[in-house]
>>> print(open('my_file.pdb').read())   # PDB, C-alpha atoms and all ligand atoms
ATOM      1  CA  MET D  37     -24.344  -5.103 -10.364
ATOM      2  CA  THR D  38     -25.217  -2.763 -13.203
ATOM      3  CA  GLY D  39     -28.536  -2.948 -15.005
ATOM      4  CA  PHE D  40     -29.187  -3.288 -18.707
ATOM      5  CA  PHE D  41     -29.314  -0.955 -21.664
ATOM      6  CA  PRO D  42     -31.058   1.427 -22.119
ATOM      7  CA  ASP D  43     -31.748   2.034 -18.402
ATOM      8  CA  THR D  44     -28.051   1.696 -17.830
ATOM      9  CA  ARG D  45     -25.911   3.804 -20.143
ATOM     10  CA  LEU D  46     -22.328   4.085 -18.945
ATOM     11  CA  ARG D  47     -21.768   6.976 -21.345
ATOM     12  CA  ARG D  48     -24.169   9.089 -19.240
ATOM     13  CA  ILE D  49     -21.540   9.721 -16.555
ATOM     14  CA  ARG D  50     -18.886  10.407 -19.189
ATOM     15  CA  SER D  51     -20.919  12.972 -21.059
ATOM     16  CA  THR D  52     -19.640  16.149 -19.346
ATOM     17  CA  GLY D  53     -16.414  17.328 -17.789
ATOM     18  CA  TRP D  54     -17.925  17.929 -14.352
ATOM     19  CA  SER D  55     -19.374  14.436 -14.314
ATOM     20  CA  ARG D  56     -16.095  12.847 -15.347
ATOM     21  CA  SER D  57     -14.447  14.746 -12.486
ATOM     22  CA  LEU D  58     -17.064  13.573 -10.050
ATOM     23  CA  HIS D  59     -16.719   9.912 -10.998
ATOM     24  CA  ARG D  60     -12.961   9.736 -11.297
ATOM     25  CA  GLU D  61     -11.749   6.714  -9.311
ATOM     26  CA  THR D  62      -8.056   7.585  -9.109
ATOM     27  CA  THR D  63      -6.261  10.829  -8.396
ATOM     28  CA  LEU D  64      -2.774  11.940  -9.331
ATOM     29  CA  THR D  65      -1.184  14.866  -7.503
ATOM     30  CA  PRO D  66       2.376  16.166  -7.092
ATOM     31  CA  ALA D  67       2.318  14.514  -3.645
ATOM     32  CA  ASP D  68       2.394  11.127  -5.405
ATOM     33  CA  LEU D  69       5.782  11.802  -6.964
ATOM     34  CA  ILE D  70       9.386  11.202  -5.974
ATOM     35  CA  TRP D  71      11.938  13.032  -8.136
ATOM     36  CA  PRO D  72      15.242  11.212  -8.827
ATOM     37  CA  LEU D  73      18.173  13.604  -9.157
ATOM     38  CA  PHE D  74      21.774  13.011 -10.265
ATOM     39  CA  VAL D  75      24.595  14.736  -8.397
ATOM     40  CA  THR D  76      28.007  15.577  -9.818
ATOM     41  CA  GLU D  77      31.176  17.378  -8.694
ATOM     42  CA  GLY D  78      31.821  21.085  -9.036
ATOM     43  CA  THR D  79      29.974  24.337  -8.415
ATOM     44  CA  GLY D  80      27.319  25.812 -10.662
ATOM     45  CA  VAL D  81      27.504  22.729 -12.883
ATOM     46  CA  GLU D  82      24.641  21.391 -14.959
ATOM     47  CA  GLU D  83      25.540  18.451 -17.224
ATOM     48  CA  PRO D  84      22.780  17.321 -19.593
ATOM     49  CA  ILE D  85      22.592  13.519 -20.010
ATOM     50  CA  ALA D  86      22.411  12.674 -23.716
ATOM     51  CA  SER D  87      20.476   9.425 -23.302
ATOM     52  CA  LEU D  88      17.972  11.110 -20.935
ATOM     53  CA  PRO D  89      16.878  14.206 -22.846
ATOM     54  CA  GLY D  90      15.726  16.900 -20.421
ATOM     55  CA  VAL D  91      17.526  15.352 -17.414
ATOM     56  CA  SER D  92      20.823  16.719 -16.071
ATOM     57  CA  ARG D  93      23.404  16.020 -13.419
ATOM     58  CA  TRP D  94      23.682  18.907 -10.961
ATOM     59  CA  SER D  95      26.482  19.991  -8.679
ATOM     60  CA  VAL D  96      25.718  20.021  -4.947
ATOM     61  CA  ASP D  97      24.804  23.738  -4.833
ATOM     62  CA  LEU D  98      22.332  23.342  -7.695
ATOM     63  CA  ILE D  99      20.890  20.125  -6.248
ATOM     64  CA  ALA D 100      19.759  22.167  -3.247
ATOM     65  CA  LYS D 101      17.999  24.506  -5.701
ATOM     66  CA  ARG D 102      16.251  21.532  -7.330
ATOM     67  CA  ALA D 103      15.067  20.452  -3.879
ATOM     68  CA  MET D 104      13.626  23.919  -3.282
ATOM     69  CA  GLU D 105      11.925  23.715  -6.667
ATOM     70  CA  ALA D 106      10.418  20.357  -5.663
ATOM     71  CA  ILE D 107       9.008  21.884  -2.473
ATOM     72  CA  ALA D 108       7.473  24.757  -4.440
ATOM     73  CA  LEU D 109       5.856  22.232  -6.801
ATOM     74  CA  GLY D 110       4.424  20.114  -3.959
ATOM     75  CA  ILE D 111       6.715  17.123  -4.547
ATOM     76  CA  PRO D 112       7.308  15.588  -1.101
ATOM     77  CA  CYS D 113      10.495  13.612  -1.695
ATOM     78  CA  ILE D 114      13.588  13.502  -3.879
ATOM     79  CA  ALA D 115      15.915  10.551  -4.572
ATOM     80  CA  LEU D 116      19.655  11.099  -4.942
ATOM     81  CA  PHE D 117      22.145   9.291  -7.187
ATOM     82  CA  PRO D 118      25.818  10.261  -7.391
ATOM     83  CA  ASN D 119      28.006  10.365 -10.485
ATOM     84  CA  THR D 120      31.213   9.478  -8.650
ATOM     85  CA  GLN D 121      34.427  10.774 -10.215
ATOM     86  CA  ALA D 122      36.386   8.035 -11.978
ATOM     87  CA  ASP D 123      39.408   8.392  -9.682
ATOM     88  CA  ARG D 124      37.205   7.770  -6.627
ATOM     89  CA  ARG D 125      35.862   4.465  -7.901
ATOM     90  CA  SER D 126      37.457   1.239  -6.738
ATOM     91  CA  ASP D 127      36.905  -2.532  -6.747
ATOM     92  CA  ASP D 128      35.377  -2.373  -3.269
ATOM     93  CA  GLY D 129      33.432   0.867  -3.736
ATOM     94  CA  ALA D 130      34.955   2.314  -0.557
ATOM     95  CA  GLU D 131      33.940   5.853  -1.574
ATOM     96  CA  ALA D 132      30.383   4.853  -0.596
ATOM     97  CA  LEU D 133      31.542   4.922   3.046
ATOM     98  CA  SER D 134      33.183   8.346   2.992
ATOM     99  CA  PRO D 135      31.283  10.927   5.063
ATOM    100  CA  ASP D 136      32.327  13.534   2.490
ATOM    101  CA  ASN D 137      31.285  11.696  -0.642
ATOM    102  CA  LEU D 138      29.038  13.388  -3.171
ATOM    103  CA  MET D 139      25.914  11.793  -1.734
ATOM    104  CA  CYS D 140      26.564  12.972   1.836
ATOM    105  CA  ARG D 141      27.496  16.487   0.720
ATOM    106  CA  ALA D 142      24.287  16.678  -1.304
ATOM    107  CA  ILE D 143      22.196  15.471   1.649
ATOM    108  CA  ARG D 144      23.710  18.096   3.944
ATOM    109  CA  ALA D 145      23.283  20.897   1.389
ATOM    110  CA  ILE D 146      19.614  20.027   0.871
ATOM    111  CA  ARG D 147      19.013  19.759   4.594
ATOM    112  CA  GLU D 148      20.605  23.142   5.135
ATOM    113  CA  ALA D 149      18.537  24.769   2.390
ATOM    114  CA  CYS D 150      15.228  23.007   3.024
ATOM    115  CA  GLY D 151      15.120  21.821   6.632
ATOM    116  CA  ASP D 152      12.590  19.025   6.959
ATOM    117  CA  GLN D 153      10.264  20.375   4.264
ATOM    118  CA  ILE D 154      11.302  17.596   1.897
ATOM    119  CA  GLY D 155      12.146  13.914   2.239
ATOM    120  CA  ILE D 156      15.577  12.796   1.082
ATOM    121  CA  LEU D 157      15.693   9.235  -0.220
ATOM    122  CA  THR D 158      19.141   7.778  -0.773
ATOM    123  CA  ASP D 159      20.223   4.869  -2.925
ATOM    124  CA  VAL D 160      22.119   2.098  -1.176
ATOM    125  CA  ALA D 161      24.144  -0.092  -3.534
ATOM    126  CA  LEU D 162      27.729  -0.001  -4.731
ATOM    127  CA  ASP D 163      27.364   0.415  -8.500
ATOM    128  CA  PRO D 164      27.983   4.198  -8.575
ATOM    129  CA  TYR D 165      31.240   3.611  -6.648
ATOM    130  CA  THR D 166      32.773   0.450  -8.152
ATOM    131  CA  THR D 167      35.169   0.123 -11.074
ATOM    132  CA  HIS D 168      33.283  -2.985 -12.270
ATOM    133  CA  GLY D 169      29.799  -1.454 -12.170
ATOM    134  CA  GLN D 170      28.264  -4.259 -10.098
ATOM    135  CA  ASP D 171      26.126  -3.419  -7.063
ATOM    136  CA  GLY D 172      28.247  -5.417  -4.607
ATOM    137  CA  LEU D 173      31.653  -6.949  -3.879
ATOM    138  CA  LEU D 174      33.025  -9.575  -6.249
ATOM    139  CA  ASP D 175      34.541 -12.822  -5.026
ATOM    140  CA  ASP D 176      37.482 -14.464  -6.795
ATOM    141  CA  ALA D 177      35.166 -16.079  -9.320
ATOM    142  CA  GLY D 178      33.566 -12.724 -10.160
ATOM    143  CA  TYR D 179      30.324 -13.593  -8.341
ATOM    144  CA  VAL D 180      28.650 -10.791  -6.392
ATOM    145  CA  SER D 181      29.133 -11.992  -2.850
ATOM    146  CA  ASN D 182      25.938 -11.639  -0.816
ATOM    147  CA  ASP D 183      27.010 -11.602   2.811
ATOM    148  CA  ALA D 184      30.217  -9.632   2.346
ATOM    149  CA  THR D 185      28.255  -7.028   0.390
ATOM    150  CA  ILE D 186      25.682  -6.693   3.167
ATOM    151  CA  GLU D 187      28.391  -5.627   5.608
ATOM    152  CA  VAL D 188      29.346  -2.745   3.319
ATOM    153  CA  LEU D 189      25.722  -1.793   2.610
ATOM    154  CA  VAL D 190      25.093  -1.501   6.348
ATOM    155  CA  GLU D 191      28.015   0.930   6.660
ATOM    156  CA  GLN D 192      26.846   2.831   3.575
ATOM    157  CA  SER D 193      23.367   3.163   5.093
ATOM    158  CA  LEU D 194      24.721   4.423   8.418
ATOM    159  CA  ASN D 195      26.897   6.917   6.550
ATOM    160  CA  GLN D 196      23.866   8.298   4.693
ATOM    161  CA  ALA D 197      21.686   8.323   7.816
ATOM    162  CA  ALA D 198      24.374  10.245   9.718
ATOM    163  CA  ALA D 199      24.422  12.825   6.911
ATOM    164  CA  GLY D 200      20.658  13.246   7.282
ATOM    165  CA  ALA D 201      18.938  10.835   4.889
ATOM    166  CA  ASP D 202      15.251  10.229   5.644
ATOM    167  CA  ILE D 203      14.649   7.095   3.604
ATOM    168  CA  ILE D 204      17.310   4.482   2.968
ATOM    169  CA  ALA D 205      16.535   2.701  -0.283
ATOM    170  CA  PRO D 206      18.622  -0.430  -0.852
ATOM    171  CA  SER D 207      18.585  -1.187  -4.577
ATOM    172  CA  ASP D 208      21.152  -3.986  -4.554
ATOM    173  CA  MET D 209      18.878  -7.065  -4.213
ATOM    174  CA  MET D 210      21.179  -8.919  -1.782
ATOM    175  CA  ASP D 211      19.263 -11.372   0.412
ATOM    176  CA  GLY D 212      18.946 -10.237   4.014
ATOM    177  CA  ARG D 213      20.186  -6.677   3.671
ATOM    178  CA  VAL D 214      16.989  -5.020   4.888
ATOM    179  CA  GLY D 215      17.138  -6.734   8.274
ATOM    180  CA  ALA D 216      20.825  -5.984   8.691
ATOM    181  CA  ILE D 217      20.328  -2.318   7.807
ATOM    182  CA  ARG D 218      17.276  -2.016  10.092
ATOM    183  CA  SER D 219      19.176  -3.463  13.072
ATOM    184  CA  ALA D 220      22.103  -1.127  12.501
ATOM    185  CA  LEU D 221      19.850   1.939  12.188
ATOM    186  CA  GLU D 222      18.089   1.009  15.438
ATOM    187  CA  ALA D 223      21.405   0.478  17.218
ATOM    188  CA  GLU D 224      22.849   3.774  15.995
ATOM    189  CA  ASP D 225      19.990   6.018  17.058
ATOM    190  CA  HIS D 226      18.280   6.278  13.663
ATOM    191  CA  ALA D 227      14.976   4.729  14.702
ATOM    192  CA  ASN D 228      12.940   7.110  12.524
ATOM    193  CA  VAL D 229      14.965   6.642   9.374
ATOM    194  CA  GLN D 230      12.749   4.688   7.001
ATOM    195  CA  ILE D 231      13.666   1.857   4.656
ATOM    196  CA  MET D 232      12.082   1.706   1.217
ATOM    197  CA  ALA D 233      13.224  -1.657  -0.092
ATOM    198  CA  TYR D 234      13.743  -2.208  -3.777
ATOM    199  CA  ALA D 235      12.015  -5.522  -3.088
ATOM    200  CA  ALA D 236      11.200  -6.639  -6.617
ATOM    201  CA  LYS D 237      13.885  -5.222  -8.861
ATOM    202  CA  TYR D 238      14.125  -6.965 -12.188
ATOM    203  CA  ALA D 239      17.165  -7.582 -14.387
ATOM    204  CA  SER D 240      15.786  -5.220 -16.994
ATOM    205  CA  ALA D 241      16.837  -3.805 -20.344
ATOM    206  CA  PHE D 242      15.306  -0.463 -19.329
ATOM    207  CA  TYR D 243      18.197   0.764 -17.131
ATOM    208  CA  GLY D 244      20.613   1.851 -19.896
ATOM    209  CA  PRO D 245      20.369   5.657 -19.617
ATOM    210  CA  PHE D 246      20.634   5.505 -15.795
ATOM    211  CA  ARG D 247      23.981   3.758 -16.111
ATOM    212  CA  ASP D 248      25.157   6.600 -18.342
ATOM    213  CA  ALA D 249      23.888   9.092 -15.766
ATOM    214  CA  VAL D 250      25.895   7.607 -12.879
ATOM    215  CA  GLY D 251      28.841   6.732 -15.121
ATOM    216  CA  SER D 252      28.706   2.974 -14.580
ATOM    217  CA  GLY D 253      27.459   2.004 -18.050
ATOM    218  CA  GLY D 254      30.851   1.767 -19.720
ATOM    219  CA  LEU D 255      32.305  -0.082 -16.719
ATOM    220  CA  LEU D 256      29.776  -2.867 -16.316
ATOM    221  CA  LYS D 257      30.826  -6.233 -17.660
ATOM    222  CA  GLY D 258      28.252  -8.972 -17.872
ATOM    223  CA  ASP D 259      24.822  -8.554 -16.335
ATOM    224  CA  LYS D 260      23.085  -8.462 -12.939
ATOM    225  CA  LYS D 261      20.974 -11.599 -13.336
ATOM    226  CA  SER D 262      22.488 -13.389 -10.335
ATOM    227  CA  TYR D 263      20.817 -10.874  -8.009
ATOM    228  CA  GLN D 264      18.125  -8.936  -9.878
ATOM    229  CA  MET D 265      14.944 -10.840 -10.684
ATOM    230  CA  ASP D 266      13.986 -12.726 -13.817
ATOM    231  CA  PRO D 267      11.320 -10.724 -15.718
ATOM    232  CA  ALA D 268       9.332 -13.944 -16.069
ATOM    233  CA  ASN D 269       8.645 -14.217 -12.342
ATOM    234  CA  GLY D 270       5.698 -12.903 -10.334
ATOM    235  CA  GLU D 271       5.309 -15.296  -7.390
ATOM    236  CA  GLU D 272       8.951 -14.761  -6.563
ATOM    237  CA  ALA D 273       8.256 -11.017  -6.277
ATOM    238  CA  LEU D 274       5.694 -11.756  -3.574
ATOM    239  CA  ARG D 275       8.286 -13.793  -1.664
ATOM    240  CA  GLU D 276      10.785 -10.951  -2.001
ATOM    241  CA  VAL D 277       8.256  -8.477  -0.636
ATOM    242  CA  ALA D 278       7.255 -10.788   2.233
ATOM    243  CA  LEU D 279      10.881 -11.167   3.274
ATOM    244  CA  ASP D 280      11.650  -7.452   3.130
ATOM    245  CA  LEU D 281       8.561  -6.653   5.194
ATOM    246  CA  SER D 282       9.494  -9.282   7.770
ATOM    247  CA  GLU D 283      12.951  -7.683   7.980
ATOM    248  CA  GLY D 284      11.505  -4.239   8.730
ATOM    249  CA  ALA D 285      10.947  -2.469   5.403
ATOM    250  CA  ASP D 286       8.539   0.455   5.827
ATOM    251  CA  SER D 287       7.602   0.419   2.159
ATOM    252  CA  VAL D 288       8.546  -1.589  -0.897
ATOM    253  CA  MET D 289       9.296  -0.785  -4.492
ATOM    254  CA  VAL D 290       8.715  -2.554  -7.773
ATOM    255  CA  LYS D 291      11.118  -1.695 -10.572
ATOM    256  CA  PRO D 292      10.886  -1.044 -13.517
ATOM    257  CA  GLY D 293       7.373   0.393 -13.554
ATOM    258  CA  LEU D 294       5.125   0.171 -16.567
ATOM    259  CA  PRO D 295       6.044  -3.377 -17.707
ATOM    260  CA  TYR D 296       5.525  -4.589 -14.108
ATOM    261  CA  LEU D 297       2.208  -3.016 -13.079
ATOM    262  CA  ASP D 298       0.785  -6.518 -12.614
ATOM    263  CA  ILE D 299       3.381  -7.033  -9.883
ATOM    264  CA  VAL D 300       2.393  -3.737  -8.228
ATOM    265  CA  ARG D 301      -1.243  -4.845  -8.166
ATOM    266  CA  ARG D 302      -0.420  -8.302  -6.782
ATOM    267  CA  VAL D 303       1.776  -6.836  -4.042
ATOM    268  CA  LYS D 304      -0.859  -4.255  -3.102
ATOM    269  CA  ASP D 305      -3.660  -6.818  -2.971
ATOM    270  CA  ARG D 306      -1.630  -9.356  -1.014
ATOM    271  CA  PHE D 307       0.068  -7.141   1.570
ATOM    272  CA  GLU D 308      -1.902  -3.870   1.797
ATOM    273  CA  ILE D 309       1.250  -1.867   2.481
ATOM    274  CA  PRO D 310       2.801   1.215   0.817
ATOM    275  CA  VAL D 311       4.015   0.152  -2.639
ATOM    276  CA  PHE D 312       6.086   2.409  -4.871
ATOM    277  CA  ALA D 313       7.164   1.884  -8.450
ATOM    278  CA  TYR D 314      10.183   3.264 -10.230
ATOM    279  CA  GLN D 315       9.465   4.459 -13.736
ATOM    280  CA  VAL D 316      13.041   3.919 -14.829
ATOM    281  CA  SER D 317      15.316   5.752 -17.228
ATOM    282  CA  GLY D 318      14.528   3.606 -20.280
ATOM    283  CA  GLU D 319      10.811   4.163 -19.750
ATOM    284  CA  TYR D 320      11.369   7.909 -19.515
ATOM    285  CA  ALA D 321      13.525   7.852 -22.649
ATOM    286  CA  MET D 322      10.893   5.821 -24.487
ATOM    287  CA  ILE D 323       8.172   8.394 -23.764
ATOM    288  CA  GLU D 324      10.458  11.252 -24.794
ATOM    289  CA  ALA D 325      11.405   9.446 -28.021
ATOM    290  CA  ALA D 326       7.777   8.675 -28.807
ATOM    291  CA  ALA D 327       6.778  12.297 -28.295
ATOM    292  CA  ALA D 328       9.748  13.562 -30.342
ATOM    293  CA  ALA D 329       8.767  11.202 -33.161
ATOM    294  CA  GLY D 330       5.232  12.573 -33.142
ATOM    295  CA  ALA D 331       3.738   9.304 -31.890
ATOM    296  CA  GLY D 332       1.817  11.033 -29.117
ATOM    297  CA  ASP D 333       1.416  14.220 -27.135
ATOM    298  CA  ARG D 334       4.188  14.410 -24.551
ATOM    299  CA  ASP D 335       2.190  15.894 -21.687
ATOM    300  CA  ALA D 336      -0.714  13.508 -22.234
ATOM    301  CA  LEU D 337       1.640  10.502 -22.397
ATOM    302  CA  VAL D 338       3.326  11.558 -19.161
ATOM    303  CA  LEU D 339       0.109  12.071 -17.202
ATOM    304  CA  GLU D 340      -1.662   8.972 -18.534
ATOM    305  CA  THR D 341       1.330   6.826 -17.673
ATOM    306  CA  LEU D 342       1.637   8.206 -14.155
ATOM    307  CA  MET D 343      -2.099   7.817 -13.562
ATOM    308  CA  SER D 344      -1.823   4.166 -14.561
ATOM    309  CA  PHE D 345       0.692   3.617 -11.748
ATOM    310  CA  LYS D 346      -1.812   5.033  -9.265
ATOM    311  CA  ARG D 347      -4.638   2.949 -10.688
ATOM    312  CA  ALA D 348      -2.494  -0.186 -10.363
ATOM    313  CA  GLY D 349      -2.169   0.475  -6.642
ATOM    314  CA  CYS D 350       0.966   2.569  -6.255
ATOM    315  CA  THR D 351       1.286   4.824  -3.235
ATOM    316  CA  GLY D 352       3.724   6.897  -5.265
ATOM    317  CA  VAL D 353       6.021   6.833  -8.273
ATOM    318  CA  LEU D 354       9.695   7.627  -8.736
ATOM    319  CA  THR D 355       9.846   9.384 -12.077
ATOM    320  CA  TYR D 356      12.255  11.622 -13.979
ATOM    321  CA  HIS D 357       9.107  13.401 -15.198
ATOM    322  CA  ALA D 358       8.251  14.460 -11.627
ATOM    323  CA  ALA D 359       8.886  18.204 -11.956
ATOM    324  CA  HIS D 360       7.269  18.439 -15.374
ATOM    325  CA  ALA D 361       4.266  16.380 -14.269
ATOM    326  CA  ALA D 362       3.863  18.468 -11.118
ATOM    327  CA  LYS D 363       3.843  21.652 -13.209
ATOM    328  CA  LEU D 364       1.130  20.179 -15.428
ATOM    329  CA  LEU D 365      -0.891  19.016 -12.409
ATOM    330  CA  ASN D 366      -0.562  22.382 -10.693
ATOM    331  CA  GLY D 367      -1.928  24.024 -13.861
TER     332      GLY D 367
HETATM  333  N1  LIG D 401      19.054   2.146  -8.305
HETATM  334  C1  LIG D 401      18.382   3.046  -9.151
HETATM  335  C2  LIG D 401      18.344   2.572 -10.535
HETATM  336  O1  LIG D 401      18.924   1.561 -10.859
HETATM  337  C3  LIG D 401      17.541   3.377 -11.522
HETATM  338  C4  LIG D 401      17.396   2.716 -12.842
HETATM  339  C5  LIG D 401      16.882   3.585 -13.953
HETATM  340  O2  LIG D 401      16.334   4.675 -13.752
HETATM  341  O3  LIG D 401      17.017   3.135 -15.082
HETATM  342 MG    MG D 402      15.222  -9.652  -1.463
END
>>> encode(input="my_file.pdb", output="structure tokens", more="lines below")
Ligand SMILES: NCC(=O)CCC(=O)O
Ligand SMILES: [Mg+2]
Amino acid sequence: MTGFFPDTRLRRIRSTGWSRSLHRETTLTPADLIWPLFVTEGTGVEEPIASLPGVSRWSVDLIAKRAMEAIALGIPCIALFPNTQADRRSDDGAEALSPDNLMCRAIRAIREACGDQIGILTDVALDPYTTHGQDGLLDDAGYVSNDATIEVLVEQSLNQAAAGADIIAPSDMMDGRVGAIRSALEAEDHANVQIMAYAAKYASAFYGPFRDAVGSGGLLKGDKKSYQMDPANGEEALREVALDLSEGADSVMVKPGLPYLDIVRRVKDRFEIPVFAYQVSGEYAMIEAAAAAGAGDRDALVLETLMSFKRAGCTGVLTYHAAHAAKLLNG
């Protein structure tokens, strides 16, 4: 309990910089960040993404350089997303299972350049590989088939683990995929490969620029509401997390980030496990647009937003601002 004014003046501890430092409840460091990176074909290629100002797709050789940059900045983990060439996309997303796909080549190049100095998190879902832009296989009625999709996701996970992925991150929201992937990893000698489950991934309007980045935006027909969660639901997120943990998830993710910090807090309080949030592409674009319009100072907006994730209970944050934020934090 606090006392009463004037004996208690909360402004006393705010009155100087050193005192504010001393009383700060939450810290934000580069070690809290995971940097999502987009991979594309070619050599020496950097392709800026118009809807994500300041973010580019990189060819495999340059992705390894980004990973080295992350290490130098103190960022412990990167997340990879491929922009699969149009002629390698198909209805069944079979390119996801090729040991020489863009994702696997990027994993190997980073491993070769960086050894185990950085964690490589890989996205498991079919949307960067399908001609219809959905995360799984469609049945005859156009419904994303749960159990048939899981079989492919298991193979996709094993393919990434064999290439050297450290954290498998299923983003598809099929029921039961975490358990199936965990069993397969155990059986195939990948006992130390982690699973970060996109446990509470919402059917959000904030994913637009990401779909441009992986080239699925123009392909997607309809929406993803039959597998991603309804933004109105919180209790259901707790059930999703409970299931993924029971199936062997090492950590869970809430996505998007800022509009769902209440979910982060509820998950953290209920389960006391590592919780990550994904500050998604539309959130990034919103901050950039606000700063460009003069509505706020870019650096301050970035750091305040990321601190709020930590305060809400996040273990770490996936953010396209990771490198910039780390530079600011490193002074
Ligand atoms: N599976 C990864 C994503 O869907 C990312 C979404 C975004 O950044 O908008
Ligand atoms: Mg689930």
>>> closest_atom_pairs(input="my_file.pdb", of="region 243-321 of chain D", to="region 332-338 of chain D", cutoff="12 Å", atoms="all atoms listed in the file", output="JSON lines")
{"residue": "D:Leu294", "atom": "CA", "partner": "D:Val338", "partner_atom": "CA", "distance": 11.8}
{"residue": "D:Gln315", "atom": "CA", "partner": "D:Val338", "partner_atom": "CA", "distance": 10.8}
{"residue": "D:Glu319", "atom": "CA", "partner": "D:Val338", "partner_atom": "CA", "distance": 10.5}
{"residue": "D:Tyr320", "atom": "CA", "partner": "D:Val338", "partner_atom": "CA", "distance": 8.8}
{"residue": "D:Ala321", "atom": "CA", "partner": "D:Val338", "partner_atom": "CA", "distance": 11.4}
>>> axis_aligned_box(input="my_file.pdb", around="region 63-69 of chain D", padding_each_side="8 Å", output="lines of an AutoDock Vina configuration file")
center_x = -0.2
center_y = 13.5
center_z = -6.5
size_x = 28.0
size_y = 21.3
size_z = 21.7
>>> residues_around(input="my_file.pdb", residues="region 229-242 of chain D", least_positions_apart="4", cutoff="8 Å", atoms="all atoms listed in the file", output="ChimeraX atom specification")
/D:197,201-209,214,218,221,259-261,264-267,273,276-277,280,284-292,316-319
>>> resolve_selection(input="my_file.pdb", expression="the PyMOL selection byres (((chain D and resi 122-135) around 10) and not hetatm)", output="count of residues only")
39
>>> atom_distance(input="my_file.pdb", atom1="CA of Glu340 (chain D)", atom2="CA of Tyr296 (chain D)")
16.0 Å
>>> resolve_selection(input="my_file.pdb", expression="the PyMOL selection byres (((chain D and resi 144-152) around 8) and not hetatm)", output="list in words")
Val96, Asp97, Ile99, Ala100, Ala103, Met104, Cys140, Arg141, Ala142, Ile143, Gln153, Ile154, Gly155, Ala199 and Gly200 of chain D
>>> resolve_selection(input="my_file.pdb", expression="the PyMOL selection byres (((chain D and resi 61-64) around 10) and not hetatm)", output="ChimeraX atom specification")
/D:56-60,65-69,339-340,342-349,352,361-362,365
>>> closest_residue(input="my_file.pdb", among="D:Ala278, D:Leu116, D:Ile156, D:Val81", to="ligand LIG 401 (chain D)", atoms="only C-alpha atoms and all ligand atoms")
D:Leu116
>>> closest_residue(input="my_file.pdb", among="D:Lys101, D:Arg45, D:Arg275, D:Arg93", to="ligand MG 402 (chain D)", atoms="only C-alpha atoms and all ligand atoms")
D:Arg275
>>> closest_residue(input="my_file.pdb", among="D:Thr158, D:Ser95, D:Thr76, D:Asn182", to="Ile114 (chain D)", atoms="all atoms listed in the file")
D:Thr158
>>> closest_residue(input="my_file.pdb", among="D:Gly244, D:Pro310, D:Gly293, D:Gly330", to="ligand LIG 401 (chain D)", atoms="all atoms listed in the file")
D:Gly244
>>> atom_distance(input="my_file.pdb", atom1="CA of Ala268 (chain D)", atom2="CA of Val303 (chain D)")
15.9 Å
>>> closest_residue(input="my_file.pdb", among="D:Pro72, D:Pro295, D:Gly270, D:Gly80", to="ligand LIG 401 (chain D)", atoms="all atoms listed in the file")
D:Pro72
>>> closest_residue(input="my_file.pdb", among="D:Gly110, D:Pro245, D:Gly53, D:Gly254", to="ligand LIG 401 (chain D)", atoms="all atoms listed in the file")
D:Pro245
